[in-house]
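Here the structure is laid out as structure tokens; the discussion comes afterwards.
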Amino acid sequence: MTQIHPTAAVAPGAVIGQGCRIGPGCVVGADVVLEDNVELIAHVVVDGHTRLGRGVRVFPFATIGMAPQDLKYRDQPTRCEIGAGTLVREGATVHRASVGGADVTVVGANCLLMAASHVAHDCVLGDGVILANNVMLGGHVEVGPGAFIGGGAAVHQTVRVGRLAMVSGMSGVTNDIPPFGYVFGVPARLVGFNRIGLLRRGATRDQLRALRAVHTMLFKDPGEFAAKLDEAAARFVEDALVQELLAFVRDPSRRRQLVRPGRMAAPELGGTDEENGEGS
């Protein structure tokens with residue numbers, strides 16, 4: 001059964017699904033839709049044209065669907081959507097979209113937004129994305145499925161982070177990160193690829209070797225970048241991961257340059273350089 005605490009304020013017009021639990025001090029706006037089994041633990045605010053998917057859990061002092069921090073916004077009926085099974089931890093903020101974009105901020109299914117993380121207007125996060133504590137995403141950021149952004153990292157507006165990319169904690173990301181890339185530093189530099197994440201998701205040793213070869217070819221070897229892209233595409237024509245990386249790099253809709261290559265000052269994850277992606 002749906003449970004609404006006596007101190008919660010649920011506006012007329014809000015749609016509350018079966019099995020929802022709305023805890024003490026929560027505020028739910030008139031245009032909000034909570035699908036089945038959503039839980040707002042306590043002191044959560046959900047406002048605007050916002051939909052929370054089945055089984056979403058929101059922890060105290062988080063806010064979802066509030067107006068964007070954009071001076072051109074004039075209370076237009078933009079939207080915010082959170083996918084099924086996502087966890088929004090204490091103090092996290094997800095703003096609804098502003099104007100001039102797709103009019104929706106999207107967080108995919110089974111994501112984890114850790115404490116005090118911020119998802120700005122018009123961001124689009126794929127399924128399974130993890131934002132660690134205090135991550136800051138600027139407006140119109142796109143984060144591919146399965147990507148991980150470490151604690152305290154800041155991502156500039158309109159940046160695209162590819163699928164299964166990994167951003168080290170406290171990094172400052174100002175340019176696009178290709179799929180499977182591993183970046184570190186301020187400004188963030190591409191120091192390898194997310195080898196461990198790929199292994200955990202079933203990548204083969206041959207695929208890892210191909211990605212290592214392509215990273216070396218594109219980001220370390222001398223030569224014209226466009227020519228190296230063509231060479232990689234021809235050499236690894238049947239490798240799906242390599243072709244995904246190349247398609248991202250060649251995508252004409254990208255608004256920013258790729259993150260530049262670099263090296264880590266010291267291993268960050270406590271493993272060997274190879275395990276951390278260094279030199280891959």
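Numbering starts fresh at 1 for the residues of each chain in the structure tokens, the chains themselves are lettered A, B, ... in the order given, and ligands are numbered from 1 as they appear.
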Worksheet entry | Contacts of range 5-18 of chain A within 12 Å, only C-alpha atoms, excl. fewer than 3 positions in-chain, as a PyMOL selection string | chain A and resi 1-2+21-56
Near range 228-252 of chain A, 12 Å: range 127-196 of chain A residue rows, closest pairs, only C-alpha atoms, as a Markdown table:
```
| residue | atom | partner | partner_atom | distance |
| --- | --- | --- | --- | --- |
| A:Gly144 | CA | A:Phe248 | CA | 10.9 |
| A:Arg160 | CA | A:Phe248 | CA | 9.5 |
| A:Val161 | CA | A:Phe248 | CA | 9.9 |
| A:Gly162 | CA | A:Phe248 | CA | 7.6 |
| A:Arg163 | CA | A:Leu245 | CA | 9.1 |
| A:Leu164 | CA | A:Leu245 | CA | 10.9 |
| A:Ala165 | CA | A:Leu245 | CA | 10.8 |
| A:Asn175 | CA | A:Val249 | CA | 11.9 |
| A:Asp176 | CA | A:Val249 | CA | 8.9 |
| A:Ile177 | CA | A:Val249 | CA | 9.1 |
| A:Pro178 | CA | A:Leu245 | CA | 6.2 |
| A:Pro179 | CA | A:Leu245 | CA | 5.5 |
| A:Phe180 | CA | A:Leu245 | CA | 7.9 |
| A:Gly181 | CA | A:Leu245 | CA | 9.2 |
| A:Phe193 | CA | A:Leu245 | CA | 11.1 |
```
Grab the residues selected above and save them as a JSON list (two decimals), in the first residue's frame with N, CA and C atoms.
```json
[["chain", "number", "residue", "atom", "x", "y", "z"],
["A", 144, "GLY", "N", 27.51, 8.77, -21.03],
["A", 144, "GLY", "CA", 27.12, 7.50, -21.61],
["A", 144, "GLY", "C", 26.87, 6.42, -20.57],
["A", 160, "ARG", "N", 30.64, 15.85, -23.51],
["A", 160, "ARG", "CA", 30.10, 14.50, -23.67],
["A", 160, "ARG", "C", 31.10, 13.50, -23.09],
["A", 161, "VAL", "N", 30.60, 12.62, -22.25],
["A", 161, "VAL", "CA", 31.40, 11.56, -21.64],
["A", 161, "VAL", "C", 30.93, 10.24, -22.22],
["A", 162, "GLY", "N", 31.82, 9.51, -22.89],
["A", 162, "GLY", "CA", 31.43, 8.30, -23.58],
["A", 162, "GLY", "C", 31.08, 7.14, -22.67],
["A", 163, "ARG", "N", 30.49, 6.12, -23.26],
["A", 163, "ARG", "CA", 30.08, 4.93, -22.53],
["A", 163, "ARG", "C", 31.26, 4.29, -21.80],
["A", 164, "LEU", "N", 31.03, 3.89, -20.55],
["A", 164, "LEU", "CA", 32.02, 3.18, -19.74],
["A", 164, "LEU", "C", 33.31, 3.98, -19.56],
["A", 165, "ALA", "N", 33.23, 5.29, -19.73],
["A", 165, "ALA", "CA", 34.40, 6.12, -19.42],
["A", 165, "ALA", "C", 34.54, 6.24, -17.91],
["A", 175, "ASN", "N", 36.69, 18.98, -21.98],
["A", 175, "ASN", "CA", 36.54, 18.47, -23.35],
["A", 175, "ASN", "C", 35.96, 17.06, -23.32],
["A", 176, "ASP", "N", 35.51, 16.59, -24.48],
["A", 176, "ASP", "CA", 34.82, 15.31, -24.58],
["A", 176, "ASP", "C", 35.76, 14.14, -24.27],
["A", 177, "ILE", "N", 35.20, 13.13, -23.61],
["A", 177, "ILE", "CA", 35.93, 11.92, -23.27],
["A", 177, "ILE", "C", 35.39, 10.78, -24.12],
["A", 178, "PRO", "N", 36.23, 10.11, -24.90],
["A", 178, "PRO", "CA", 35.73, 9.02, -25.75],
["A", 178, "PRO", "C", 35.28, 7.83, -24.93],
["A", 179, "PRO", "N", 34.46, 6.95, -25.50],
["A", 179, "PRO", "CA", 34.05, 5.74, -24.79],
["A", 179, "PRO", "C", 35.26, 4.97, -24.26],
["A", 180, "PHE", "N", 35.12, 4.45, -23.05],
["A", 180, "PHE", "CA", 36.11, 3.61, -22.38],
["A", 180, "PHE", "C", 37.34, 4.39, -21.93],
["A", 181, "GLY", "N", 37.36, 5.70, -22.15],
["A", 181, "GLY", "CA", 38.52, 6.49, -21.76],
["A", 181, "GLY", "C", 38.63, 6.64, -20.25],
["A", 193, "PHE", "N", 42.63, 3.68, -20.72],
["A", 193, "PHE", "CA", 41.24, 3.30, -20.91],
["A", 193, "PHE", "C", 40.78, 2.46, -19.73]]
```
Practice prompt. Compare A:Gly138, A:Gly101, A:Gly197, A:Gly83 by their minimum atom-to-atom distance to Val173 in chain A, counting only C-alpha atoms, and give me the closest one.
Written response: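 Comparing A:Gly138, A:Gly101, A:Gly197, A:Gly83 against Val173 in chain A, the winner is A:Gly138.
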